[in-house]
file data-v3.pdb (PDB, C-alpha atoms and all ligand atoms)
ATOM      1  CA  MET F   1      12.974  -6.737  22.127
ATOM      2  CA  PRO F   2       9.653  -5.605  23.605
ATOM      3  CA  ASP F   3       6.531  -5.194  21.476
ATOM      4  CA  PHE F   4       7.402  -3.423  18.195
ATOM      5  CA  LEU F   5       4.271  -1.263  18.083
ATOM      6  CA  SER F   6       4.502  -0.227  21.763
ATOM      7  CA  ILE F   7       8.122   0.807  21.320
ATOM      8  CA  THR F   8       7.257   2.782  18.191
ATOM      9  CA  LEU F   9       4.320   4.461  19.922
ATOM     10  CA  ALA F  10       6.534   5.339  22.913
ATOM     11  CA  GLY F  11       8.611   7.538  20.621
ATOM     12  CA  ALA F  12      12.011   6.438  21.959
ATOM     13  CA  PRO F  13      14.340   3.694  20.732
ATOM     14  CA  PRO F  14      14.279   0.352  22.613
ATOM     15  CA  PRO F  15      16.934  -0.050  25.364
ATOM     16  CA  LEU F  16      18.795  -2.434  23.041
ATOM     17  CA  THR F  17      18.729  -1.709  19.313
ATOM     18  CA  SER F  18      19.818  -5.156  18.150
ATOM     19  CA  GLY F  19      19.676  -8.747  19.307
ATOM     20  CA  ALA F  20      19.207 -12.332  18.260
ATOM     21  CA  THR F  21      16.967 -15.340  18.813
ATOM     22  CA  SER F  22      17.689 -18.965  17.902
ATOM     23  CA  ASN F  23      16.282 -18.226  14.405
ATOM     24  CA  LEU F  24      17.168 -14.667  13.554
ATOM     25  CA  LYS F  25      19.007 -11.424  14.175
ATOM     26  CA  TRP F  26      17.002  -8.223  14.617
ATOM     27  CA  GLN F  27      18.088  -4.637  14.287
ATOM     28  CA  TRP F  28      16.175  -1.407  15.030
ATOM     29  CA  LEU F  29      17.278   0.815  12.125
ATOM     30  CA  ASP F  30      15.160   3.871  12.886
ATOM     31  CA  GLU F  31      11.918   4.730  14.620
ATOM     32  CA  GLY F  32       9.425   2.066  13.473
ATOM     33  CA  VAL F  33      11.943   0.404  11.122
ATOM     34  CA  LEU F  34      12.971  -3.131  12.127
ATOM     35  CA  MET F  35      15.152  -5.508  10.105
ATOM     36  CA  LEU F  36      14.966  -9.261  10.737
ATOM     37  CA  THR F  37      17.574 -11.554   9.194
ATOM     38  CA  PRO F  38      17.405 -15.357   9.409
ATOM     39  CA  HIS F  39      20.554 -17.223  10.470
ATOM     40  CA  ARG F  40      20.134 -19.596   7.516
ATOM     41  CA  ALA F  41      20.691 -18.565   3.897
ATOM     42  CA  CYS F  42      17.653 -17.276   2.024
ATOM     43  CA  SER F  43      16.683 -16.087  -1.435
ATOM     44  CA  GLN F  44      14.082 -13.345  -0.834
ATOM     45  CA  SER F  45      14.218  -9.800   0.538
ATOM     46  CA  VAL F  46      10.781  -8.637   1.689
ATOM     47  CA  VAL F  47       9.628  -5.199   2.848
ATOM     48  CA  LEU F  48       6.295  -5.054   4.690
ATOM     49  CA  SER F  49       5.027  -1.599   5.582
ATOM     50  CA  ALA F  50       1.910  -0.255   7.308
ATOM     51  CA  GLY F  51       0.910   3.011   8.961
ATOM     52  CA  ILE F  52       2.122   5.223   6.107
ATOM     53  CA  HIS F  53      -1.300   6.684   6.921
ATOM     54  CA  GLY F  54      -1.419   6.891  10.706
ATOM     55  CA  ASN F  55      -5.113   6.096  11.212
ATOM     56  CA  GLU F  56      -5.027   2.840   9.214
ATOM     57  CA  THR F  57      -4.635   0.548  12.165
ATOM     58  CA  ALA F  58      -5.660  -2.952  11.010
ATOM     59  CA  PRO F  59      -2.482  -3.569   8.967
ATOM     60  CA  ILE F  60      -0.358  -2.156  11.799
ATOM     61  CA  GLU F  61      -1.881  -4.718  14.167
ATOM     62  CA  ILE F  62      -1.355  -7.517  11.620
ATOM     63  CA  LEU F  63       2.338  -6.654  11.109
ATOM     64  CA  ASN F  64       2.929  -6.202  14.825
ATOM     65  CA  GLN F  65       1.553  -9.678  15.517
ATOM     66  CA  LEU F  66       3.770 -11.112  12.783
ATOM     67  CA  VAL F  67       6.876  -9.479  14.298
ATOM     68  CA  SER F  68       5.932 -10.679  17.801
ATOM     69  CA  ASP F  69       5.554 -14.258  16.581
ATOM     70  CA  LEU F  70       8.866 -14.153  14.708
ATOM     71  CA  LEU F  71      10.714 -12.722  17.713
ATOM     72  CA  ALA F  72       9.104 -15.271  20.035
ATOM     73  CA  SER F  73      10.216 -18.084  17.649
ATOM     74  CA  GLN F  74       6.592 -19.130  17.196
ATOM     75  CA  LEU F  75       7.095 -18.692  13.466
ATOM     76  CA  PRO F  76      10.360 -19.464  11.636
ATOM     77  CA  LEU F  77      11.859 -16.741   9.438
ATOM     78  CA  ALA F  78      12.789 -17.773   5.882
ATOM     79  CA  VAL F  79      13.419 -14.377   4.221
ATOM     80  CA  ARG F  80      15.303 -11.160   4.911
ATOM     81  CA  LEU F  81      12.525  -8.971   6.285
ATOM     82  CA  LEU F  82      12.226  -5.205   6.768
ATOM     83  CA  VAL F  83       9.126  -4.197   8.713
ATOM     84  CA  ILE F  84       8.151  -0.537   8.648
ATOM     85  CA  LEU F  85       5.572   1.478  10.571
ATOM     86  CA  GLY F  86       5.500   4.395   8.181
ATOM     87  CA  ASN F  87       4.420   7.530  10.035
ATOM     88  CA  PRO F  88       4.835   7.138  13.829
ATOM     89  CA  PRO F  89       3.762  10.704  14.819
ATOM     90  CA  ALA F  90       0.545  10.294  12.799
ATOM     91  CA  ILE F  91      -0.014   6.795  14.281
ATOM     92  CA  ARG F  92       0.323   8.294  17.783
ATOM     93  CA  ALA F  93      -2.159  11.042  16.849
ATOM     94  CA  GLY F  94      -4.572   8.605  15.154
ATOM     95  CA  GLU F  95      -4.494  10.840  12.052
ATOM     96  CA  ARG F  96      -3.966  10.044   8.359
ATOM     97  CA  TYR F  97      -1.051  12.528   8.394
ATOM     98  CA  LEU F  98       0.041  15.622  10.330
ATOM     99  CA  THR F  99       1.170  18.115   7.677
ATOM    100  CA  ALA F 100       1.024  16.328   4.311
ATOM    101  CA  ASP F 101       0.377  12.870   2.860
ATOM    102  CA  ILE F 102       3.623  10.840   2.849
ATOM    103  CA  ASN F 103       2.216   8.477   0.236
ATOM    104  CA  ARG F 104       2.396  11.253  -2.383
ATOM    105  CA  MET F 105       6.023  12.165  -1.547
ATOM    106  CA  PHE F 106       8.073   9.177  -2.642
ATOM    107  CA  GLY F 107      10.417   9.085  -5.610
ATOM    108  CA  GLY F 108      12.074  12.297  -4.408
ATOM    109  CA  ARG F 109       8.823  14.327  -4.371
ATOM    110  CA  HIS F 110       9.519  15.045  -0.673
ATOM    111  CA  LYS F 111      12.022  17.651  -1.911
ATOM    112  CA  ASN F 112       9.078  19.709  -3.210
ATOM    113  CA  HIS F 113       7.639  19.917   0.303
ATOM    114  CA  LEU F 114       8.597  22.297   3.077
ATOM    115  CA  PRO F 115      11.102  20.563   5.361
ATOM    116  CA  ALA F 116       8.554  19.107   7.821
ATOM    117  CA  ASP F 117       8.736  15.787   9.659
ATOM    118  CA  GLU F 118       6.773  13.932   6.996
ATOM    119  CA  ALA F 119       9.003  15.008   4.108
ATOM    120  CA  ARG F 120      12.021  13.959   6.176
ATOM    121  CA  ARG F 121      10.374  10.633   6.974
ATOM    122  CA  ALA F 122       9.753   9.872   3.299
ATOM    123  CA  GLU F 123      13.428  10.541   2.606
ATOM    124  CA  ILE F 124      14.524   8.250   5.487
ATOM    125  CA  LEU F 125      12.230   5.444   4.331
ATOM    126  CA  GLU F 126      13.584   5.698   0.784
ATOM    127  CA  GLN F 127      17.124   5.386   2.172
ATOM    128  CA  LYS F 128      16.347   2.433   4.462
ATOM    129  CA  VAL F 129      14.498   0.478   1.776
ATOM    130  CA  GLY F 130      17.196   1.241  -0.809
ATOM    131  CA  GLU F 131      19.963   0.049   1.547
ATOM    132  CA  PHE F 132      17.995  -3.051   2.541
ATOM    133  CA  PHE F 133      17.535  -4.235  -1.033
ATOM    134  CA  ALA F 134      21.051  -3.238  -2.125
ATOM    135  CA  ALA F 135      22.604  -5.345   0.668
ATOM    136  CA  ASP F 136      21.511  -8.590  -1.059
ATOM    137  CA  PRO F 137      21.419  -7.892  -4.792
ATOM    138  CA  GLN F 138      20.783 -11.533  -5.793
ATOM    139  CA  SER F 139      17.565 -12.056  -3.870
ATOM    140  CA  LEU F 140      13.989 -11.709  -5.163
ATOM    141  CA  ARG F 141      12.744  -8.288  -3.961
ATOM    142  CA  LEU F 142       9.180  -7.884  -2.730
ATOM    143  CA  HIS F 143       7.385  -4.955  -1.101
ATOM    144  CA  TYR F 144       3.814  -4.950   0.171
ATOM    145  CA  ASP F 145       2.542  -1.631   1.551
ATOM    146  CA  LEU F 146      -0.578  -2.222   3.649
ATOM    147  CA  HIS F 147      -3.407   0.286   3.963
ATOM    148  CA  THR F 148      -7.093   0.555   4.728
ATOM    149  CA  ALA F 149      -9.439   2.742   2.676
ATOM    150  CA  ILE F 150     -11.158   5.925   3.903
ATOM    151  CA  ARG F 151     -14.543   4.879   2.546
ATOM    152  CA  GLY F 152     -16.567   1.733   1.994
ATOM    153  CA  SER F 153     -15.941  -0.366  -1.083
ATOM    154  CA  HIS F 154     -17.631  -2.856  -3.392
ATOM    155  CA  HIS F 155     -14.370  -4.810  -3.076
ATOM    156  CA  ASN F 156     -13.348  -5.118   0.568
ATOM    157  CA  ARG F 157      -9.736  -6.205  -0.103
ATOM    158  CA  PHE F 158      -7.880  -5.066  -3.160
ATOM    159  CA  GLY F 159      -4.395  -4.397  -4.472
ATOM    160  CA  LEU F 160      -2.901  -1.550  -6.518
ATOM    161  CA  LEU F 161      -0.023  -2.396  -8.826
ATOM    162  CA  PRO F 162       2.347   0.502  -9.492
ATOM    163  CA  TYR F 163       2.878   1.484 -13.121
ATOM    164  CA  ARG F 164       5.820  -0.376 -14.674
ATOM    165  CA  THR F 165       7.467  -0.305 -18.060
ATOM    166  CA  SER F 166       8.536  -3.954 -17.585
ATOM    167  CA  PRO F 167       6.340  -6.983 -16.781
ATOM    168  CA  TYR F 168       5.054  -7.766 -13.290
ATOM    169  CA  CYS F 169       6.494 -10.569 -11.184
ATOM    170  CA  ALA F 170       4.439 -13.760 -11.601
ATOM    171  CA  THR F 171       5.365 -14.899  -8.067
ATOM    172  CA  MET F 172       3.791 -11.740  -6.669
ATOM    173  CA  LEU F 173       0.658 -12.025  -8.827
ATOM    174  CA  ARG F 174       0.171 -15.631  -7.697
ATOM    175  CA  TRP F 175       0.587 -14.630  -4.037
ATOM    176  CA  LEU F 176      -1.978 -11.801  -4.412
ATOM    177  CA  LYS F 177      -4.459 -14.306  -5.807
ATOM    178  CA  GLU F 178      -3.817 -16.826  -3.028
ATOM    179  CA  CYS F 179      -4.370 -14.089  -0.430
ATOM    180  CA  GLU F 180      -7.955 -13.903  -1.709
ATOM    181  CA  LEU F 181      -7.912 -10.278  -2.750
ATOM    182  CA  ASP F 182     -11.227  -9.372  -4.359
ATOM    183  CA  ALA F 183      -9.746  -7.075  -6.989
ATOM    184  CA  LEU F 184      -6.472  -5.855  -8.451
ATOM    185  CA  VAL F 185      -5.975  -2.412 -10.022
ATOM    186  CA  MET F 186      -3.115  -1.655 -12.418
ATOM    187  CA  HIS F 187      -1.826   1.914 -12.492
ATOM    188  CA  THR F 188      -0.951   3.310 -15.922
ATOM    189  CA  ALA F 189       1.168   6.301 -14.836
ATOM    190  CA  ALA F 190       3.948   6.932 -12.290
ATOM    191  CA  GLY F 191       2.953   8.113  -8.806
ATOM    192  CA  GLY F 192       4.426   9.244  -5.495
ATOM    193  CA  THR F 193       3.451   6.142  -3.518
ATOM    194  CA  PHE F 194       5.793   4.013  -1.425
ATOM    195  CA  ALA F 195       5.035   0.963  -3.633
ATOM    196  CA  HIS F 196       5.809   2.930  -6.789
ATOM    197  CA  PHE F 197       9.118   4.034  -5.272
ATOM    198  CA  SER F 198      10.305   0.503  -4.438
ATOM    199  CA  SER F 199       9.146  -0.759  -7.841
ATOM    200  CA  GLU F 200      10.795   1.959  -9.926
ATOM    201  CA  PHE F 201      13.887   2.793  -7.864
ATOM    202  CA  CYS F 202      14.659  -0.584  -6.222
ATOM    203  CA  GLN F 203      13.332  -2.924  -8.949
ATOM    204  CA  ALA F 204      11.123  -4.661  -6.381
ATOM    205  CA  ALA F 205       7.886  -6.462  -7.124
ATOM    206  CA  SER F 206       5.574  -4.116  -5.223
ATOM    207  CA  CYS F 207       1.903  -3.754  -4.461
ATOM    208  CA  THR F 208      -0.229  -1.492  -2.289
ATOM    209  CA  LEU F 209      -2.826  -3.556  -0.406
ATOM    210  CA  GLU F 210      -6.096  -1.992   0.762
ATOM    211  CA  LEU F 211      -7.773  -3.968   3.530
ATOM    212  CA  GLY F 212     -11.240  -2.746   4.457
ATOM    213  CA  LYS F 213     -12.041   0.545   6.145
ATOM    214  CA  ALA F 214      -9.941   2.584   8.595
ATOM    215  CA  LEU F 215     -10.984   2.088  12.240
ATOM    216  CA  PRO F 216      -9.275   2.950  15.574
ATOM    217  CA  PHE F 217      -6.968   0.436  17.314
ATOM    218  CA  GLY F 218      -8.907  -2.406  18.935
ATOM    219  CA  GLN F 219     -12.009  -1.999  16.724
ATOM    220  CA  ASN F 220     -10.740  -3.930  13.721
ATOM    221  CA  GLN F 221     -12.357  -7.206  12.706
ATOM    222  CA  LEU F 222      -9.089  -8.920  11.898
ATOM    223  CA  GLU F 223     -10.904 -12.148  10.858
ATOM    224  CA  GLN F 224     -11.855 -10.371   7.605
ATOM    225  CA  PHE F 225      -8.170 -10.374   6.761
ATOM    226  CA  SER F 226      -7.367 -13.950   7.723
ATOM    227  CA  ALA F 227      -6.275 -14.878   4.181
ATOM    228  CA  ILE F 228      -3.928 -11.853   3.990
ATOM    229  CA  THR F 229      -2.583 -12.589   7.462
ATOM    230  CA  ALA F 230      -1.979 -16.201   6.455
ATOM    231  CA  GLY F 231      -0.360 -14.966   3.235
ATOM    232  CA  LEU F 232       2.043 -12.687   5.101
ATOM    233  CA  ARG F 233       2.946 -15.455   7.542
ATOM    234  CA  ALA F 234       3.570 -17.890   4.679
ATOM    235  CA  LEU F 235       5.665 -15.266   2.903
ATOM    236  CA  ALA F 236       7.826 -14.626   5.978
ATOM    237  CA  SER F 237       8.208 -18.271   6.960
ATOM    238  CA  GLY F 238       8.494 -19.877   3.508
ATOM    239  CA  GLY F 239       5.204 -21.760   3.950
ATOM    240  CA  GLN F 240       2.627 -22.713   1.328
ATOM    241  CA  LEU F 241      -0.820 -21.153   1.009
ATOM    242  CA  PRO F 242      -3.954 -23.181   0.277
ATOM    243  CA  ALA F 243      -5.508 -22.574  -3.157
ATOM    244  CA  ARG F 244      -7.924 -19.682  -3.400
ATOM    245  CA  SER F 245     -11.428 -20.625  -2.302
ATOM    246  CA  THR F 246     -13.313 -17.362  -2.983
ATOM    247  CA  GLU F 247     -14.620 -15.948  -6.282
ATOM    248  CA  ALA F 248     -12.102 -15.032  -8.996
ATOM    249  CA  MET F 249     -10.245 -11.750  -8.589
ATOM    250  CA  ILE F 250     -11.516  -8.874 -10.767
ATOM    251  CA  TYR F 251      -8.914  -6.839 -12.673
ATOM    252  CA  TYR F 252      -9.010  -3.119 -13.471
ATOM    253  CA  ARG F 253      -6.707  -0.577 -15.039
ATOM    254  CA  VAL F 254      -6.641   3.187 -14.539
ATOM    255  CA  VAL F 255      -7.958   5.221 -17.479
ATOM    256  CA  LYS F 256      -8.114   8.697 -15.918
ATOM    257  CA  SER F 257      -6.773  10.579 -12.891
ATOM    258  CA  LEU F 258      -9.224  13.257 -11.784
ATOM    259  CA  LEU F 259      -6.789  16.049 -10.946
ATOM    260  CA  LYS F 260      -7.933  19.011  -8.884
ATOM    261  CA  GLN F 261      -6.336  21.923 -10.693
ATOM    262  CA  HIS F 262      -8.514  24.799  -9.559
ATOM    263  CA  ALA F 263     -10.024  25.977  -6.256
ATOM    264  CA  ASP F 264     -13.392  25.941  -8.031
ATOM    265  CA  PHE F 265     -13.334  22.172  -8.612
ATOM    266  CA  LYS F 266     -16.494  20.049  -8.527
ATOM    267  CA  LEU F 267     -16.536  16.283  -8.203
ATOM    268  CA  TRP F 268     -20.084  15.204  -9.040
ATOM    269  CA  VAL F 269     -20.366  12.175  -6.780
ATOM    270  CA  ALA F 270     -22.239  11.876  -3.483
ATOM    271  CA  ASP F 271     -20.155  12.108  -0.290
ATOM    272  CA  ASP F 272     -21.006   8.522   0.639
ATOM    273  CA  THR F 273     -20.009   7.037  -2.734
ATOM    274  CA  VAL F 274     -18.138   3.792  -2.166
ATOM    275  CA  ASN F 275     -15.022   2.682  -4.036
ATOM    276  CA  PHE F 276     -15.665   0.795  -7.297
ATOM    277  CA  THR F 277     -19.028   2.466  -7.928
ATOM    278  CA  ARG F 278     -19.844   2.094 -11.642
ATOM    279  CA  TYR F 279     -20.908   4.939 -13.979
ATOM    280  CA  PRO F 280     -22.173   4.675 -17.569
ATOM    281  CA  GLN F 281     -20.657   6.454 -20.560
ATOM    282  CA  GLY F 282     -21.368  10.193 -20.661
ATOM    283  CA  THR F 283     -21.752  10.700 -16.901
ATOM    284  CA  LEU F 284     -20.321  14.079 -15.854
ATOM    285  CA  MET F 285     -17.707  13.353 -13.148
ATOM    286  CA  THR F 286     -15.731  16.596 -12.650
ATOM    287  CA  GLU F 287     -15.933  20.257 -13.574
ATOM    288  CA  GLN F 288     -13.411  23.050 -13.171
ATOM    289  CA  PRO F 289     -12.691  26.155 -15.266
ATOM    290  CA  ASN F 290     -11.807  25.141 -18.836
ATOM    291  CA  GLU F 291     -12.138  21.419 -18.131
ATOM    292  CA  HIS F 292     -14.684  18.740 -17.424
ATOM    293  CA  TYR F 293     -14.581  14.954 -17.484
ATOM    294  CA  ARG F 294     -17.343  12.652 -18.674
ATOM    295  CA  VAL F 295     -17.118   8.851 -18.567
ATOM    296  CA  GLU F 296     -15.596   7.834 -21.927
ATOM    297  CA  HIS F 297     -15.876   4.035 -21.887
ATOM    298  CA  GLU F 298     -19.096   2.034 -21.801
ATOM    299  CA  TYR F 299     -18.647   1.830 -18.031
ATOM    300  CA  GLU F 300     -16.029   3.260 -15.678
ATOM    301  CA  TRP F 301     -15.566   2.610 -11.969
ATOM    302  CA  ILE F 302     -14.427   5.283  -9.485
ATOM    303  CA  LEU F 303     -11.725   4.736  -6.880
ATOM    304  CA  PHE F 304     -10.696   7.009  -3.968
ATOM    305  CA  PRO F 305     -13.120   9.883  -4.687
ATOM    306  CA  ASN F 306     -12.121  12.832  -2.481
ATOM    307  CA  PRO F 307     -12.859  16.432  -3.591
ATOM    308  CA  ARG F 308     -11.123  17.825  -0.493
ATOM    309  CA  VAL F 309      -7.561  17.018  -1.592
ATOM    310  CA  ALA F 310      -5.008  19.816  -1.997
ATOM    311  CA  LEU F 311      -4.692  21.586  -5.340
ATOM    312  CA  GLY F 312      -2.683  19.619  -7.864
ATOM    313  CA  LEU F 313      -3.532  16.248  -6.285
ATOM    314  CA  ARG F 314      -5.937  13.645  -7.606
ATOM    315  CA  ALA F 315      -9.519  13.768  -6.378
ATOM    316  CA  GLY F 316     -10.252  10.270  -7.652
ATOM    317  CA  ILE F 317      -9.297   7.807 -10.351
ATOM    318  CA  MET F 318     -11.440   6.194 -13.032
ATOM    319  CA  LEU F 319     -11.026   2.527 -13.962
ATOM    320  CA  VAL F 320     -12.134   0.055 -16.580
ATOM    321  CA  GLN F 321     -12.271  -3.711 -16.116
ATOM    322  CA  MET F 322      -9.860  -5.941 -17.978
ATOM    323  CA  ASP F 323      -8.871  -9.600 -18.275
ATOM    324  CA  GLU F 324      -6.207 -11.160 -16.130
ATOM    325  CA  ASN F 325      -4.098 -11.875 -19.214
ATOM    326  CA  GLU F 326      -3.850  -8.129 -19.958
ATOM    327  CA  ILE F 327      -1.385  -7.821 -17.073
ATOM    328  CA  PRO F 328       2.081  -8.374 -18.534
ATOM    329  CA  GLN F 329       3.999 -10.820 -16.346
ATOM    330  CA  VAL F 330       7.218 -12.744 -16.236
TER     331      VAL F 330
HETATM  332 ZN    ZN F 401      -3.616   4.542   3.288
END
call {"tool": "encode", "arguments": {"input": "data-v3.pdb", "output": "structure tokens", "more": "lines below"}}
Ligand SMILES: [Zn+2]
result
Amino acid sequence: MPDFLSITLAGAPPPLTSGATSNLKWQWLDEGVLMLTPHRACSQSVVLSAGIHGNETAPIEILNQLVSDLLASQLPLAVRLLVILGNPPAIRAGERYLTADINRMFGGRHKNHLPADEARRAEILEQKVGEFFAADPQSLRLHYDLHTAIRGSHHNRFGLLPYRTSPYCATMLRWLKECELDALVMHTAAGGTFAHFSSEFCQAASCTLELGKALPFGQNQLEQFSAITAGLRALASGGQLPARSTEAMIYYRVVKSLLKQHADFKLWVADDTVNFTRYPQGTLMTEQPNEHYRVEHEYEWILFPNPRVALGLRAGIMLVQMDENEIPQV
């Protein structure tokens, strides 16, 4: 199997769509969807995805290196592994998306979109992930969806937990801490993200990981992500991670989605506002006909501010800080 990313970028399947090494079997399931199965028995099924947004290249490079090392037997494989490059046409174009944002379409929301490539892709990814997890019902199910943020951030590496009605997986929470994430955000409502889909519909322990700022291929400073890279390699190979050596992770939960419901919508933050900027109580954040939002808590922090989203989508989310023990876990 030649280089996974090169094959995906070429836009045609590899000459052979399955094969084996001394450690594993591999199977090309669809464009940018590769399943790796160890010869020996294992107890975890892991989905690692990147490139759901095509211009977020650092995680694509990290996953591609991981696949190369597994296929070259430089790293043993200890879990069933599904590696996904989410939106190949957008990756080729170096764009976030071509017609619409795939990471708002999961959980069947793709049916509300015109039948374009990206809606079809979301449907295919749901199928492939569903089949992958269903094939080994006994194993621990994990899904990490890797992204980079559009803007700068007070926390360079952070995770987003999808909303759940049941507790979060303690194994996952421990791994997130060992990967030296700076912050972890807990959603408090369902969403159309890939991680929410695998959590709600496949009962996986899932997290969206945001790793720094989006840059073109070749310009990423991958050293910034050495702890995440080590974490992914340990996850795939059954290795141990050293204890966290950076400051304690900071925990947030979502208190408000700033929905753009009118063409005349104002988000009162500067264009260069970075993620996790803090605002005091009473600050006017948004205005649109018949609605405005002012900060309700003593302080709230903004995440993903973007007034240019389509109508009906969120133009930002507001957070409050919380203690680690406020995250229900089992
Ligand atoms: Zn993204």
call {"tool": "residues_around", "arguments": {"input": "data-v3.pdb", "residues": "F:Glu126", "least_positions_apart": "2", "cutoff": "8 Å", "atoms": "only C-alpha atoms", "output": "ChimeraX atom specification"}}
result
/F:106-107,122-124,128-130,197
call {"tool": "closest_residue", "arguments": {"input": "data-v3.pdb", "among": "F:Phe276, F:Phe265, F:Tyr293, F:Phe225", "to": "F:Thr148", "atoms": "all atoms listed in the file"}}
result
F:Phe225
call {"tool": "closest_residue", "arguments": {"input": "data-v3.pdb", "among": "F:Leu48, F:Leu24, F:Leu211, F:Met186", "to": "ligand ZN 401 (chain F)", "atoms": "all atoms listed in the file"}}
result
F:Leu211
call {"tool": "residues_around", "arguments": {"input": "data-v3.pdb", "residues": "F:Leu81", "least_positions_apart": "5", "cutoff": "8 Å", "atoms": "only C-alpha atoms", "output": "JSON, numbers by chain"}}
result
{"F": [35, 36, 37, 45, 46, 47, 48, 236]}
call {"tool": "resolve_selection", "arguments": {"input": "data-v3.pdb", "expression": "the PyMOL selection byres (((chain F and resi 96) around 10) and not hetatm)", "output": "list in words"}}
result
Gly51, Ile52, His53, Gly54, Asn55, Glu56, Asn87, Ala90, Ile91, Ala93, Gly94, Glu95, Tyr97, Leu98, Thr99, Ala100, Asp101, Ile102, Ile150 and Ala214 of chain F
call {"tool": "atom_distance", "arguments": {"input": "data-v3.pdb", "atom1": "atom CA of F:Tyr252", "atom2": "atom CA of F:Ile84"}}
result
28.1 Å
call {"tool": "closest_residue", "arguments": {"input": "data-v3.pdb", "among": "F:Arg233, F:Gly239, F:Leu146, F:Lys111", "to": "F:Asp69", "atoms": "all atoms listed in the file"}}
result
F:Arg233
call {"tool": "axis_aligned_box", "arguments": {"input": "data-v3.pdb", "around": "stretch 65-68 of chain F", "padding_each_side": "6 Å", "output": "lines of an AutoDock Vina configuration file"}}
result
center_x = 4.2
center_y = -10.3
center_z = 15.3
size_x = 17.3
size_y = 13.6
size_z = 17.0
call {"tool": "atom_distance", "arguments": {"input": "data-v3.pdb", "atom1": "atom CA of F:Arg141", "atom2": "atom CA of F:Ala195"}}
result
12.0 Å
call {"tool": "resolve_selection", "arguments": {"input": "data-v3.pdb", "expression": "the PyMOL selection byres (((chain F and resi 227) around 9) and not hetatm)", "output": "ChimeraX atom specification"}}
result
/F:178-181,223-226,228-232,241
call {"tool": "residues_around", "arguments": {"input": "data-v3.pdb", "residues": "F:Glu31", "least_positions_apart": "4", "cutoff": "8 Å", "atoms": "only C-alpha atoms", "output": "list in words"}}
result
Thr8, Gly11, Ala12, Pro13 and Pro88 of chain F
call {"tool": "atom_distance", "arguments": {"input": "data-v3.pdb", "atom1": "atom CA of F:Ala72", "atom2": "atom CA of F:Leu85"}}
result
19.6 Å
call {"tool": "closest_residue", "arguments": {"input": "data-v3.pdb", "among": "F:Ala248, F:Val255, F:Ala170, F:Leu176", "to": "F:Leu235", "atoms": "all atoms listed in the file"}}
result
F:Leu176
call {"tool": "closest_residue", "arguments": {"input": "data-v3.pdb", "among": "F:Ala134, F:Val33, F:Leu142, F:Ile60", "to": "ligand ZN 401 (chain F)", "atoms": "all atoms listed in the file"}}
result
F:Ile60
call {"tool": "resolve_selection", "arguments": {"input": "data-v3.pdb", "expression": "the PyMOL selection byres (((chain F and resi 166) around 10) and not hetatm)", "output": "compact mmCIF listing (two decimals) with C-alpha atoms, in the frame of the given file"}}
result
# COMPACT_ATOMS: atom_id res chain seq x y z
CA TYR F 163 2.88 1.48 -13.12
CA ARG F 164 5.82 -0.38 -14.67
CA THR F 165 7.47 -0.30 -18.06
CA PRO F 167 6.34 -6.98 -16.78
CA TYR F 168 5.05 -7.77 -13.29
CA CYS F 169 6.49 -10.57 -11.18
CA GLU F 200 10.80 1.96 -9.93
CA GLN F 203 13.33 -2.92 -8.95
CA PRO F 328 2.08 -8.37 -18.53
CA GLN F 329 4.00 -10.82 -16.35
CA VAL F 330 7.22 -12.74 -16.24
call {"tool": "closest_residue", "arguments": {"input": "data-v3.pdb", "among": "F:Gly316, F:Pro38, F:Pro305, F:Pro59", "to": "ligand ZN 401 (chain F)", "atoms": "all atoms listed in the file"}}
result
F:Pro59
call {"tool": "residues_around", "arguments": {"input": "data-v3.pdb", "residues": "F:Arg278", "least_positions_apart": "2", "cutoff": "8 Å", "atoms": "all atoms listed in the file", "output": "list in words"}}
result
Phe276, Pro280, Tyr299, Glu300, Trp301 and Ile302 of chain F
call {"tool": "decode", "arguments": {"input": "data-v3.pdb", "residues": "stretch 272-277 of chain F", "atoms": "N, CA, C and O atoms", "output": "PDB file, in the first residue's frame"}}
result
ATOM      1  N   ASP F 272     -10.527  39.819  15.009  1.00  0.00           N
ATOM      2  CA  ASP F 272      -9.337  39.052  15.394  1.00  0.00           C
ATOM      3  C   ASP F 272      -9.464  38.465  16.807  1.00  0.00           C
ATOM      4  O   ASP F 272      -8.464  38.093  17.418  1.00  0.00           O
ATOM      5  N   THR F 273     -10.677  38.383  17.316  1.00  0.00           N
ATOM      6  CA  THR F 273     -10.892  37.805  18.650  1.00  0.00           C
ATOM      7  C   THR F 273     -10.454  36.343  18.661  1.00  0.00           C
ATOM      8  O   THR F 273     -10.839  35.568  17.785  1.00  0.00           O
ATOM      9  N   VAL F 274      -9.650  35.977  19.647  1.00  0.00           N
ATOM     10  CA  VAL F 274      -9.182  34.592  19.701  1.00  0.00           C
ATOM     11  C   VAL F 274     -10.147  33.742  20.537  1.00  0.00           C
ATOM     12  O   VAL F 274     -10.903  34.268  21.361  1.00  0.00           O
ATOM     13  N   ASN F 275     -10.099  32.436  20.311  1.00  0.00           N
ATOM     14  CA  ASN F 275     -10.926  31.512  21.086  1.00  0.00           C
ATOM     15  C   ASN F 275     -10.581  31.618  22.571  1.00  0.00           C
ATOM     16  O   ASN F 275      -9.428  31.829  22.934  1.00  0.00           O
ATOM     17  N   PHE F 276     -11.585  31.443  23.413  1.00  0.00           N
ATOM     18  CA  PHE F 276     -11.461  31.509  24.870  1.00  0.00           C
ATOM     19  C   PHE F 276     -11.137  32.932  25.360  1.00  0.00           C
ATOM     20  O   PHE F 276     -10.484  33.103  26.384  1.00  0.00           O
ATOM     21  N   THR F 277     -11.594  33.943  24.613  1.00  0.00           N
ATOM     22  CA  THR F 277     -11.553  35.307  25.143  1.00  0.00           C
ATOM     23  C   THR F 277     -12.667  35.442  26.179  1.00  0.00           C
ATOM     24  O   THR F 277     -13.777  34.961  25.963  1.00  0.00           O
TER      25      THR F 277
END
